[in-house]
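Peer 1: What follows is my_file39.cif; its format and atoms are mmCIF, C-alpha atoms.
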```
data_query
#
loop_
_atom_site.label_atom_id
_atom_site.label_comp_id
_atom_site.auth_asym_id
_atom_site.auth_seq_id
_atom_site.Cartn_x
_atom_site.Cartn_y
_atom_site.Cartn_z
CA MET A 1 6.14 14.53 11.74
CA ASP A 2 4.29 17.75 11.04
CA ASN A 3 1.72 18.47 8.35
CA GLU A 4 4.31 19.58 5.83
CA GLY A 5 5.94 16.18 5.78
CA LYS A 6 8.93 17.21 7.86
CA GLY A 7 10.25 14.60 10.20
CA SER A 8 11.70 11.21 9.63
CA PHE A 9 10.90 7.87 8.14
CA LYS A 10 11.62 6.24 11.52
CA GLY A 11 8.11 4.83 12.09
CA ILE A 12 7.92 3.53 8.53
CA PHE A 13 11.31 1.84 8.82
CA ILE A 14 10.34 0.26 12.14
CA ALA A 15 7.07 -1.08 10.68
CA MET A 16 8.84 -2.40 7.58
CA PHE A 17 11.61 -3.99 9.67
CA ALA A 18 9.05 -5.67 11.95
CA SER A 19 7.15 -6.88 8.88
CA LEU A 20 10.31 -8.39 7.40
CA ILE A 21 11.12 -10.13 10.67
CA ILE A 22 7.62 -11.61 10.86
CA ALA A 23 7.75 -12.72 7.22
CA SER A 24 11.18 -14.30 7.56
CA MET A 25 10.39 -16.06 10.85
CA TRP A 26 6.93 -17.28 9.79
CA ASN A 27 7.84 -20.97 9.90
CA SER A 28 10.46 -20.85 12.66
CA VAL A 29 8.46 -18.90 15.28
CA PRO A 30 5.12 -20.73 15.56
CA ILE A 31 3.26 -17.93 17.34
CA PHE A 32 3.16 -15.78 14.17
CA LYS A 33 1.82 -18.55 11.98
CA ASN A 34 -0.47 -20.13 14.57
CA THR A 35 -2.07 -16.82 15.58
CA ALA A 36 -2.68 -15.79 11.98
CA HIS A 37 -4.19 -19.19 11.18
CA ALA A 38 -6.35 -19.15 14.34
CA VAL A 39 -7.83 -15.79 13.36
CA LEU A 40 -7.99 -16.09 9.58
CA ASN A 41 -8.99 -19.73 8.99
CA PRO A 42 -12.47 -19.36 10.54
CA THR A 43 -13.05 -16.01 8.82
CA LEU A 44 -11.31 -15.56 5.49
CA GLY A 45 -10.71 -19.28 5.09
CA VAL A 46 -14.44 -19.98 5.32
CA LEU A 47 -15.13 -17.19 2.82
CA LEU A 48 -12.60 -18.60 0.34
CA ASN A 49 -13.82 -22.17 0.79
CA TRP A 50 -17.39 -20.99 0.12
CA ASN A 51 -16.46 -19.50 -3.26
CA TYR A 52 -12.86 -18.92 -4.32
CA LEU A 53 -13.51 -16.16 -6.87
CA GLY A 54 -16.24 -14.37 -4.92
CA GLY A 55 -14.42 -14.72 -1.62
CA MET A 56 -11.12 -13.52 -3.00
CA SER A 57 -12.81 -10.59 -4.76
CA LEU A 58 -14.50 -9.55 -1.51
CA ILE A 59 -11.24 -9.86 0.43
CA VAL A 60 -9.39 -7.76 -2.16
CA LEU A 61 -12.15 -5.13 -2.05
CA VAL A 62 -12.07 -4.95 1.77
CA MET A 63 -8.27 -4.72 1.80
CA ALA A 64 -8.37 -1.94 -0.81
CA LEU A 65 -11.01 -0.16 1.27
CA ILE A 66 -8.87 -0.43 4.41
CA THR A 67 -5.83 0.86 2.53
CA THR A 68 -7.78 3.73 0.98
CA LEU A 69 -9.34 4.83 4.27
CA THR A 70 -5.97 4.56 6.02
CA GLN A 71 -4.47 6.70 3.26
CA LYS A 72 -7.28 9.26 3.56
CA TYR A 73 -7.25 9.58 7.34
CA GLY A 74 -3.56 8.81 7.91
CA THR A 75 -2.33 11.67 5.74
CA ASP A 76 -2.97 15.39 5.60
CA GLN A 77 -5.00 15.44 2.39
CA GLU A 78 -4.97 19.23 2.09
CA THR A 79 -1.17 19.40 2.30
CA MET A 80 -0.91 16.54 -0.20
CA ARG A 81 -3.19 18.40 -2.63
CA GLU A 82 -1.12 21.56 -2.30
CA LEU A 83 2.16 19.70 -2.79
CA LYS A 84 0.82 17.83 -5.83
CA LYS A 85 -0.48 21.08 -7.32
CA GLU A 86 2.90 22.77 -6.80
CA GLN A 87 4.67 19.74 -8.27
CA LYS A 88 2.40 19.79 -11.34
CA GLU A 89 2.98 23.52 -11.89
CA LEU A 90 6.72 23.04 -11.49
CA GLN A 91 6.72 20.17 -14.01
CA ALA A 92 4.85 22.34 -16.51
CA LYS A 93 7.47 25.09 -16.12
CA ILE A 94 10.30 22.59 -16.48
CA LYS A 95 8.80 21.20 -19.70
CA SER A 96 8.74 24.67 -21.22
CA LEU A 97 12.43 25.31 -20.52
CA GLU A 98 15.46 24.28 -22.51
CA ARG A 99 17.08 21.19 -21.07
CA GLY A 100 20.39 22.02 -19.38
CA SER A 101 19.67 25.72 -18.86
CA LYS A 102 20.34 27.23 -15.44
CA GLU A 103 16.62 27.77 -14.71
CA TYR A 104 15.82 24.22 -15.88
CA ASN A 105 18.41 22.79 -13.48
CA GLU A 106 17.22 24.96 -10.57
CA LEU A 107 13.59 23.99 -11.05
CA SER A 108 14.53 20.33 -11.45
CA MET A 109 16.38 20.45 -8.12
CA LYS A 110 13.38 22.16 -6.49
CA SER A 111 11.15 19.42 -7.89
CA LEU A 112 13.40 16.74 -6.38
CA GLU A 113 13.40 18.54 -3.02
CA MET A 114 9.59 18.49 -2.99
CA MET A 115 9.54 14.71 -3.36
CA SER A 116 10.76 13.99 0.18
CA PRO A 117 7.87 15.71 2.01
CA MET A 118 5.38 14.14 -0.41
CA MET A 119 6.89 10.71 0.16
CA LYS A 120 6.86 11.13 3.94
CA LEU A 121 3.21 12.15 3.91
CA SER A 122 2.08 9.41 1.56
CA MET A 123 4.03 6.65 3.32
CA ARG A 124 2.60 7.30 6.81
CA PRO A 125 -0.23 4.75 6.44
CA VAL A 126 2.36 1.99 5.91
CA ILE A 127 2.96 2.14 9.66
CA TYR A 128 -0.60 0.95 10.26
CA THR A 129 -0.99 -1.59 7.46
CA ALA A 130 2.41 -3.23 6.97
CA ILE A 131 2.31 -5.86 9.71
CA PRO A 132 -1.34 -6.94 9.26
CA PHE A 133 -0.86 -7.21 5.50
CA ILE A 134 2.34 -9.26 5.86
CA LEU A 135 0.50 -11.65 8.17
CA LEU A 136 -2.37 -11.85 5.68
CA PHE A 137 -0.08 -12.50 2.72
CA ARG A 138 1.78 -15.24 4.58
CA TRP A 139 -1.58 -16.79 5.50
CA PHE A 140 -2.73 -16.55 1.85
CA SER A 141 0.42 -18.40 0.81
CA ASP A 142 -0.22 -21.19 3.32
CA PHE A 143 -3.93 -21.38 2.44
CA PHE A 144 -3.36 -21.71 -1.30
CA ILE A 145 -0.57 -24.26 -0.88
CA VAL A 146 -3.06 -26.50 0.96
CA ALA A 147 -5.98 -25.64 -1.36
CA GLY A 148 -3.96 -26.42 -4.47
CA ASN A 149 -3.19 -24.54 -7.63
CA ILE A 150 -6.35 -22.42 -7.72
CA LYS A 151 -6.66 -19.90 -10.52
CA PHE A 152 -8.71 -16.72 -10.41
CA LEU A 153 -9.67 -15.82 -13.96
CA GLY A 154 -6.50 -17.62 -15.03
CA LEU A 155 -4.28 -15.83 -12.49
CA SER A 156 -2.57 -17.02 -9.32
CA TRP A 157 -3.89 -15.60 -6.05
CA PHE A 158 -1.04 -13.07 -5.88
CA TRP A 159 -1.59 -11.64 -9.37
CA PHE A 160 -5.35 -11.60 -8.88
CA TYR A 161 -4.86 -9.70 -5.61
CA LEU A 162 -2.40 -7.26 -7.17
CA ILE A 163 -4.52 -6.42 -10.22
CA GLY A 164 -7.77 -6.39 -8.23
CA SER A 165 -6.23 -4.17 -5.58
CA ILE A 166 -5.06 -1.66 -8.18
CA LEU A 167 -8.52 -1.58 -9.79
CA PHE A 168 -10.48 -1.35 -6.53
CA SER A 169 -8.06 1.19 -5.06
CA SER A 170 -8.36 3.44 -8.11
CA ILE A 171 -12.14 3.41 -7.85
CA LEU A 172 -12.18 3.87 -4.07
CA ARG A 173 -9.65 6.72 -4.20
CA LYS A 174 -11.97 8.57 -6.58
CA VAL A 175 -15.06 7.83 -4.46
CA PHE A 176 -13.37 8.96 -1.21
CA LYS A 177 -11.43 11.80 -2.90
CA VAL A 178 -8.05 10.56 -1.70
CA VAL A 179 -4.98 12.29 -3.09
#
```
Please go through the file and, once you have read it, give me the structure as structure tokens.

Peer 2:
Amino acid sequence: MDNEGKGSFKGIFIAMFASLIIASMWNSVPIFKNTAHAVLNPTLGVLLNWNYLGGMSLIVLVMALITTLTQKYGTDQETMRELKKEQKELQAKIKSLERGSKEYNELSMKSLEMMSPMMKLSMRPVIYTAIPFILLFRWFSDFFIVAGNIKFLGLSWFWFYLIGSILFSSILRKVFKVV
């Protein structure tokens, strides 16, 4: 794939397919589960057992940092900025036009055509993070089944991770100037 987002989603589809296979075979192919537990129990498991809220917050922060840095260095940030700027200008033009007019329809189609290169550029980091994150999420599920119904500020581990990840990622994207 070149810097303008041309190319295919082949790598992304392969990573997602491999992730789905790992997730679906977690209990039937012991090597996935056993390897993840062997690596994560003495590291993240110890951190969570030390302090559930603090440990989980730190894990979410580190995962958001990894995702943000992968996004920053796994994409062409300059091309992304240019594409987003063009998209924003195009949207402003579209808003000023009468809905259904010829120019409105042409600009709307151009806007849709711009989405594919943007999507290809922004999805590249999935290739690097999909499989490790699937393993981590499956491990989280196993860990919290054994640990019991632990709540983080009243939320399950998944919702705490999701909300925390959005918050940390927003902050980190600003700090690292990630588009």

Peer 1: Can you list, as a list of chain:residue names, the residues that the PyMOL selection byres ((chain A and resi 33) around 12) selects here?

Peer 2: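 Applied to this file, the PyMOL selection byres ((chain A and resi 33) around 12) returns A:Ile22, A:Ala23, A:Ser24, A:Met25, A:Trp26, A:Asn27, A:Ser28, A:Val29, A:Pro30, A:Ile31, A:Phe32, A:Asn34, A:Thr35, A:Ala36, A:His37, A:Ala38, A:Val39, A:Leu40, A:Asn41, A:Ile134, A:Leu135, A:Leu136, A:Phe137, A:Arg138, A:Trp139, A:Phe140, A:Ser141, A:Asp142, A:Phe143.
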
Peer 1: Looking at A:Tyr161, A:Phe13, A:Tyr128, A:Tyr73, which one is nearest to Leu58 (chain A), with distances taken over only C-alpha atoms?

Peer 2: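 Between A:Tyr161, A:Phe13, A:Tyr128, A:Tyr73, the residue approaching Leu58 (chain A) most closely is A:Tyr161.
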
Peer 1: Find the distance between CA of Leu107 (chain A) and CA of Val178 (chain A) and write it in Å to one decimal.

Peer 2: 27.1 Å

Peer 1: My list of candidates is A:Thr129, A:Asn105, A:Ser170, A:Ser165. Which is closest to Val60 (chain A) when distances are computed with only C-alpha atoms?

Peer 2: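 That would be A:Ser165, the residue with the smallest distance to Val60 (chain A).
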
Peer 1: To one decimal place in Å, what is the distance between CA of Gln87 (chain A) and CA of Lys174 (chain A)?

Peer 2: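 Separation of CA of Gln87 (chain A) and CA of Lys174 (chain A): 20.1 Å.
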
Peer 1: To one decimal place, how far is CA of Met80 (chain A) from CA of Arg124 (chain A) in Å?

Peer 2: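 Rounded to one decimal, the two atoms are 12.1 Å apart.
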
Peer 1: Rank A:Ile14, A:Leu47, A:Leu172, A:Met114 by their smallest atom-to-atom distance to Leu90 (chain A), using only C-alpha atoms, and report the top residue only.

Peer 2: A:Met114

Peer 1: Once the PyMOL selection byres ((chain A and resi 63) around 10) has been applied to the shown file, what residues remain in the selection, as a list in words?

Peer 2: Ser57, Leu58, Ile59, Val60, Leu61, Val62, Ala64, Leu65, Ile66, Thr67, Thr68, Leu69, Thr129, Phe133, Tyr161, Ser165, Phe168 and Ser169 of chain A

Peer 1: Please list as a list in words every residue within 12 Å of Glu113 (chain A), counting all atoms listed in the file and excluding residues in the same chain fewer than 4 positions away.

Peer 2: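 Within the cut-off, the hits are Gly5, Lys6, Leu83, Glu86, Gln87, Leu90, Glu106, Leu107, Ser108, Met109, Pro117, Met118 and Met119 of chain A.
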
Peer 1: Go ahead and dump the residues you just picked, C-alpha atoms, as a PDB file, keeping the file's coordinate frame.

Peer 2:
```pdb
ATOM      1  CA  GLY A   5       5.940  16.180   5.780  1.00  0.00           C
ATOM      2  CA  LYS A   6       8.930  17.210   7.860  1.00  0.00           C
ATOM      3  CA  LEU A  83       2.160  19.700  -2.790  1.00  0.00           C
ATOM      4  CA  GLU A  86       2.900  22.770  -6.800  1.00  0.00           C
ATOM      5  CA  GLN A  87       4.670  19.740  -8.270  1.00  0.00           C
ATOM      6  CA  LEU A  90       6.720  23.040 -11.490  1.00  0.00           C
ATOM      7  CA  GLU A 106      17.220  24.960 -10.570  1.00  0.00           C
ATOM      8  CA  LEU A 107      13.590  23.990 -11.050  1.00  0.00           C
ATOM      9  CA  SER A 108      14.530  20.330 -11.450  1.00  0.00           C
ATOM     10  CA  MET A 109      16.380  20.450  -8.120  1.00  0.00           C
ATOM     11  CA  PRO A 117       7.870  15.710   2.010  1.00  0.00           C
ATOM     12  CA  MET A 118       5.380  14.140  -0.410  1.00  0.00           C
ATOM     13  CA  MET A 119       6.890  10.710   0.160  1.00  0.00           C
TER      14      MET A 119
END
```

Peer 1: Which residue, A:Ile145, A:Ile127, A:Ile171, A:Ile21, has the smallest gap to Thr75 (chain A) when you use all atoms listed in the file?

Peer 2: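 Closest residue, counting all atoms listed in the file: A:Ile127.
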
Peer 1: Nearest to Gly164 (chain A) among A:Ala15, A:Pro42, A:Asn149, A:Leu53, with distances taken over only C-alpha atoms: which residue is it?

Peer 2: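 Among A:Ala15, A:Pro42, A:Asn149, A:Leu53, it is A:Leu53 that comes nearest to Gly164 (chain A).
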
Peer 1: What are the centre and edge lengths in Å, to one decimal, of the axis-aligned box around all listed atoms of region 29-47 of chain A with 6 Å added on each side, as JSON?

Peer 2:
```
{"center_x": -3.3, "center_y": -18.1, "center_z": 10.1, "size_x": 35.6, "size_y": 17.2, "size_z": 26.5}
```

Peer 1: Distance table requested - region 39-138 of chain A against region 150-156 of chain A, cut-off 12 Å, all atoms listed in the file: one row per qualifying residue with the closest atom pair and its distance in Å to one decimal, ordered by chain and rising residue number, as JSON lines.

Peer 2:
```
{"residue": "A:Leu48", "atom": "CA", "partner": "A:Ile150", "partner_atom": "CA", "distance": 10.9}
{"residue": "A:Asn49", "atom": "CA", "partner": "A:Ile150", "partner_atom": "CA", "distance": 11.3}
{"residue": "A:Asn51", "atom": "CA", "partner": "A:Phe152", "partner_atom": "CA", "distance": 10.9}
{"residue": "A:Tyr52", "atom": "CA", "partner": "A:Phe152", "partner_atom": "CA", "distance": 7.7}
{"residue": "A:Leu53", "atom": "CA", "partner": "A:Phe152", "partner_atom": "CA", "distance": 6.0}
{"residue": "A:Gly54", "atom": "CA", "partner": "A:Phe152", "partner_atom": "CA", "distance": 9.6}
{"residue": "A:Gly55", "atom": "CA", "partner": "A:Phe152", "partner_atom": "CA", "distance": 10.7}
{"residue": "A:Met56", "atom": "CA", "partner": "A:Phe152", "partner_atom": "CA", "distance": 8.4}
{"residue": "A:Ser57", "atom": "CA", "partner": "A:Phe152", "partner_atom": "CA", "distance": 9.3}
```

Peer 1: Using all atoms listed in the file for the distances, tell me which of A:Leu167, A:Ile12, A:Gly45, A:Leu121 is nearest to Glu78 (chain A).

Peer 2: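 For Glu78 (chain A), the nearest of the candidates is A:Leu121.
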
Peer 1: Can you complete the atoms of region 58-88 of chain A to N, CA and C atoms and list them as an mmCIF file, keeping the file's coordinate frame?

Peer 2:
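Wrote result15.cif, looks like this:
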```
data_model
loop_
_atom_site.group_PDB
_atom_site.id
_atom_site.type_symbol
_atom_site.label_atom_id
_atom_site.label_comp_id
_atom_site.auth_asym_id
_atom_site.auth_seq_id
_atom_site.Cartn_x
_atom_site.Cartn_y
_atom_site.Cartn_z
ATOM 1 N N LEU A 58 -14.038 -10.295 -2.686
ATOM 2 C CA LEU A 58 -14.500 -9.550 -1.510
ATOM 3 C C LEU A 58 -13.326 -9.192 -0.597
ATOM 4 N N ILE A 59 -12.416 -10.120 -0.408
ATOM 5 C CA ILE A 59 -11.240 -9.860 0.430
ATOM 6 C C ILE A 59 -10.397 -8.742 -0.179
ATOM 7 N N VAL A 60 -10.179 -8.799 -1.483
ATOM 8 C CA VAL A 60 -9.390 -7.760 -2.160
ATOM 9 C C VAL A 60 -10.085 -6.401 -2.019
ATOM 10 N N LEU A 61 -11.398 -6.378 -2.188
ATOM 11 C CA LEU A 61 -12.150 -5.130 -2.050
ATOM 12 C C LEU A 61 -12.017 -4.564 -0.631
ATOM 13 N N VAL A 62 -12.172 -5.406 0.376
ATOM 14 C CA VAL A 62 -12.070 -4.950 1.770
ATOM 15 C C VAL A 62 -10.655 -4.453 2.066
ATOM 16 N N MET A 63 -9.645 -5.164 1.574
ATOM 17 C CA MET A 63 -8.270 -4.720 1.800
ATOM 18 C C MET A 63 -8.002 -3.391 1.097
ATOM 19 N N ALA A 64 -8.528 -3.219 -0.100
ATOM 20 C CA ALA A 64 -8.370 -1.940 -0.810
ATOM 21 C C ALA A 64 -9.098 -0.828 -0.064
ATOM 22 N N LEU A 65 -10.258 -1.141 0.491
ATOM 23 C CA LEU A 65 -11.010 -0.160 1.270
ATOM 24 C C LEU A 65 -10.226 0.255 2.519
ATOM 25 N N ILE A 66 -9.675 -0.716 3.219
ATOM 26 C CA ILE A 66 -8.870 -0.430 4.410
ATOM 27 C C ILE A 66 -7.677 0.448 4.040
ATOM 28 N N THR A 67 -6.988 0.086 2.978
ATOM 29 C CA THR A 67 -5.830 0.860 2.530
ATOM 30 C C THR A 67 -6.228 2.278 2.146
ATOM 31 N N THR A 68 -7.327 2.417 1.422
ATOM 32 C CA THR A 68 -7.780 3.730 0.980
ATOM 33 C C THR A 68 -8.179 4.609 2.162
ATOM 34 N N LEU A 69 -8.927 4.051 3.097
ATOM 35 C CA LEU A 69 -9.340 4.830 4.270
ATOM 36 C C LEU A 69 -8.143 5.186 5.150
ATOM 37 N N THR A 70 -7.190 4.267 5.263
ATOM 38 C CA THR A 70 -5.970 4.560 6.020
ATOM 39 C C THR A 70 -5.197 5.681 5.340
ATOM 40 N N GLN A 71 -5.144 5.642 4.021
ATOM 41 C CA GLN A 71 -4.470 6.700 3.260
ATOM 42 C C GLN A 71 -5.189 8.038 3.465
ATOM 43 N N LYS A 72 -6.507 8.015 3.426
ATOM 44 C CA LYS A 72 -7.280 9.260 3.560
ATOM 45 C C LYS A 72 -7.127 9.874 4.953
ATOM 46 N N TYR A 73 -7.266 9.050 5.984
ATOM 47 C CA TYR A 73 -7.250 9.580 7.340
ATOM 48 C C TYR A 73 -5.870 9.533 8.000
ATOM 49 N N GLY A 74 -4.919 8.877 7.375
ATOM 50 C CA GLY A 74 -3.560 8.810 7.910
ATOM 51 C C GLY A 74 -2.629 9.839 7.294
ATOM 52 N N THR A 75 -3.140 10.622 6.360
ATOM 53 C CA THR A 75 -2.330 11.670 5.740
ATOM 54 C C THR A 75 -3.093 12.990 5.793
ATOM 55 N N ASP A 76 -2.355 14.063 5.685
ATOM 56 C CA ASP A 76 -2.970 15.390 5.600
ATOM 57 C C ASP A 76 -3.316 15.612 4.137
ATOM 58 N N GLN A 77 -4.558 15.377 3.793
ATOM 59 C CA GLN A 77 -5.000 15.440 2.390
ATOM 60 C C GLN A 77 -4.839 16.838 1.804
ATOM 61 N N GLU A 78 -5.088 17.863 2.599
ATOM 62 C CA GLU A 78 -4.970 19.230 2.090
ATOM 63 C C GLU A 78 -3.518 19.550 1.719
ATOM 64 N N THR A 79 -2.589 19.182 2.593
ATOM 65 C CA THR A 79 -1.170 19.400 2.300
ATOM 66 C C THR A 79 -0.754 18.601 1.076
ATOM 67 N N MET A 80 -1.243 17.362 0.973
ATOM 68 C CA MET A 80 -0.910 16.540 -0.200
ATOM 69 C C MET A 80 -1.422 17.187 -1.482
ATOM 70 N N ARG A 81 -2.641 17.720 -1.449
ATOM 71 C CA ARG A 81 -3.190 18.400 -2.630
ATOM 72 C C ARG A 81 -2.330 19.589 -3.026
ATOM 73 N N GLU A 82 -1.951 20.381 -2.027
ATOM 74 C CA GLU A 82 -1.120 21.560 -2.300
ATOM 75 C C GLU A 82 0.225 21.149 -2.888
ATOM 76 N N LEU A 83 0.861 20.150 -2.289
ATOM 77 C CA LEU A 83 2.160 19.700 -2.790
ATOM 78 C C LEU A 83 2.050 19.148 -4.210
ATOM 79 N N LYS A 84 1.004 18.378 -4.478
ATOM 80 C CA LYS A 84 0.820 17.830 -5.830
ATOM 81 C C LYS A 84 0.559 18.942 -6.838
ATOM 82 N N LYS A 85 -0.206 19.950 -6.430
ATOM 83 C CA LYS A 85 -0.480 21.080 -7.320
ATOM 84 C C LYS A 85 0.815 21.827 -7.632
ATOM 85 N N GLU A 86 1.614 22.102 -6.595
ATOM 86 C CA GLU A 86 2.900 22.770 -6.800
ATOM 87 C C GLU A 86 3.800 21.939 -7.715
ATOM 88 N N GLN A 87 3.832 20.638 -7.464
ATOM 89 C CA GLN A 87 4.670 19.740 -8.270
ATOM 90 C C GLN A 87 4.230 19.773 -9.733
ATOM 91 N N LYS A 88 2.933 19.759 -9.972
ATOM 92 C CA LYS A 88 2.400 19.790 -11.340
ATOM 93 C C LYS A 88 2.767 21.097 -12.034
#
```
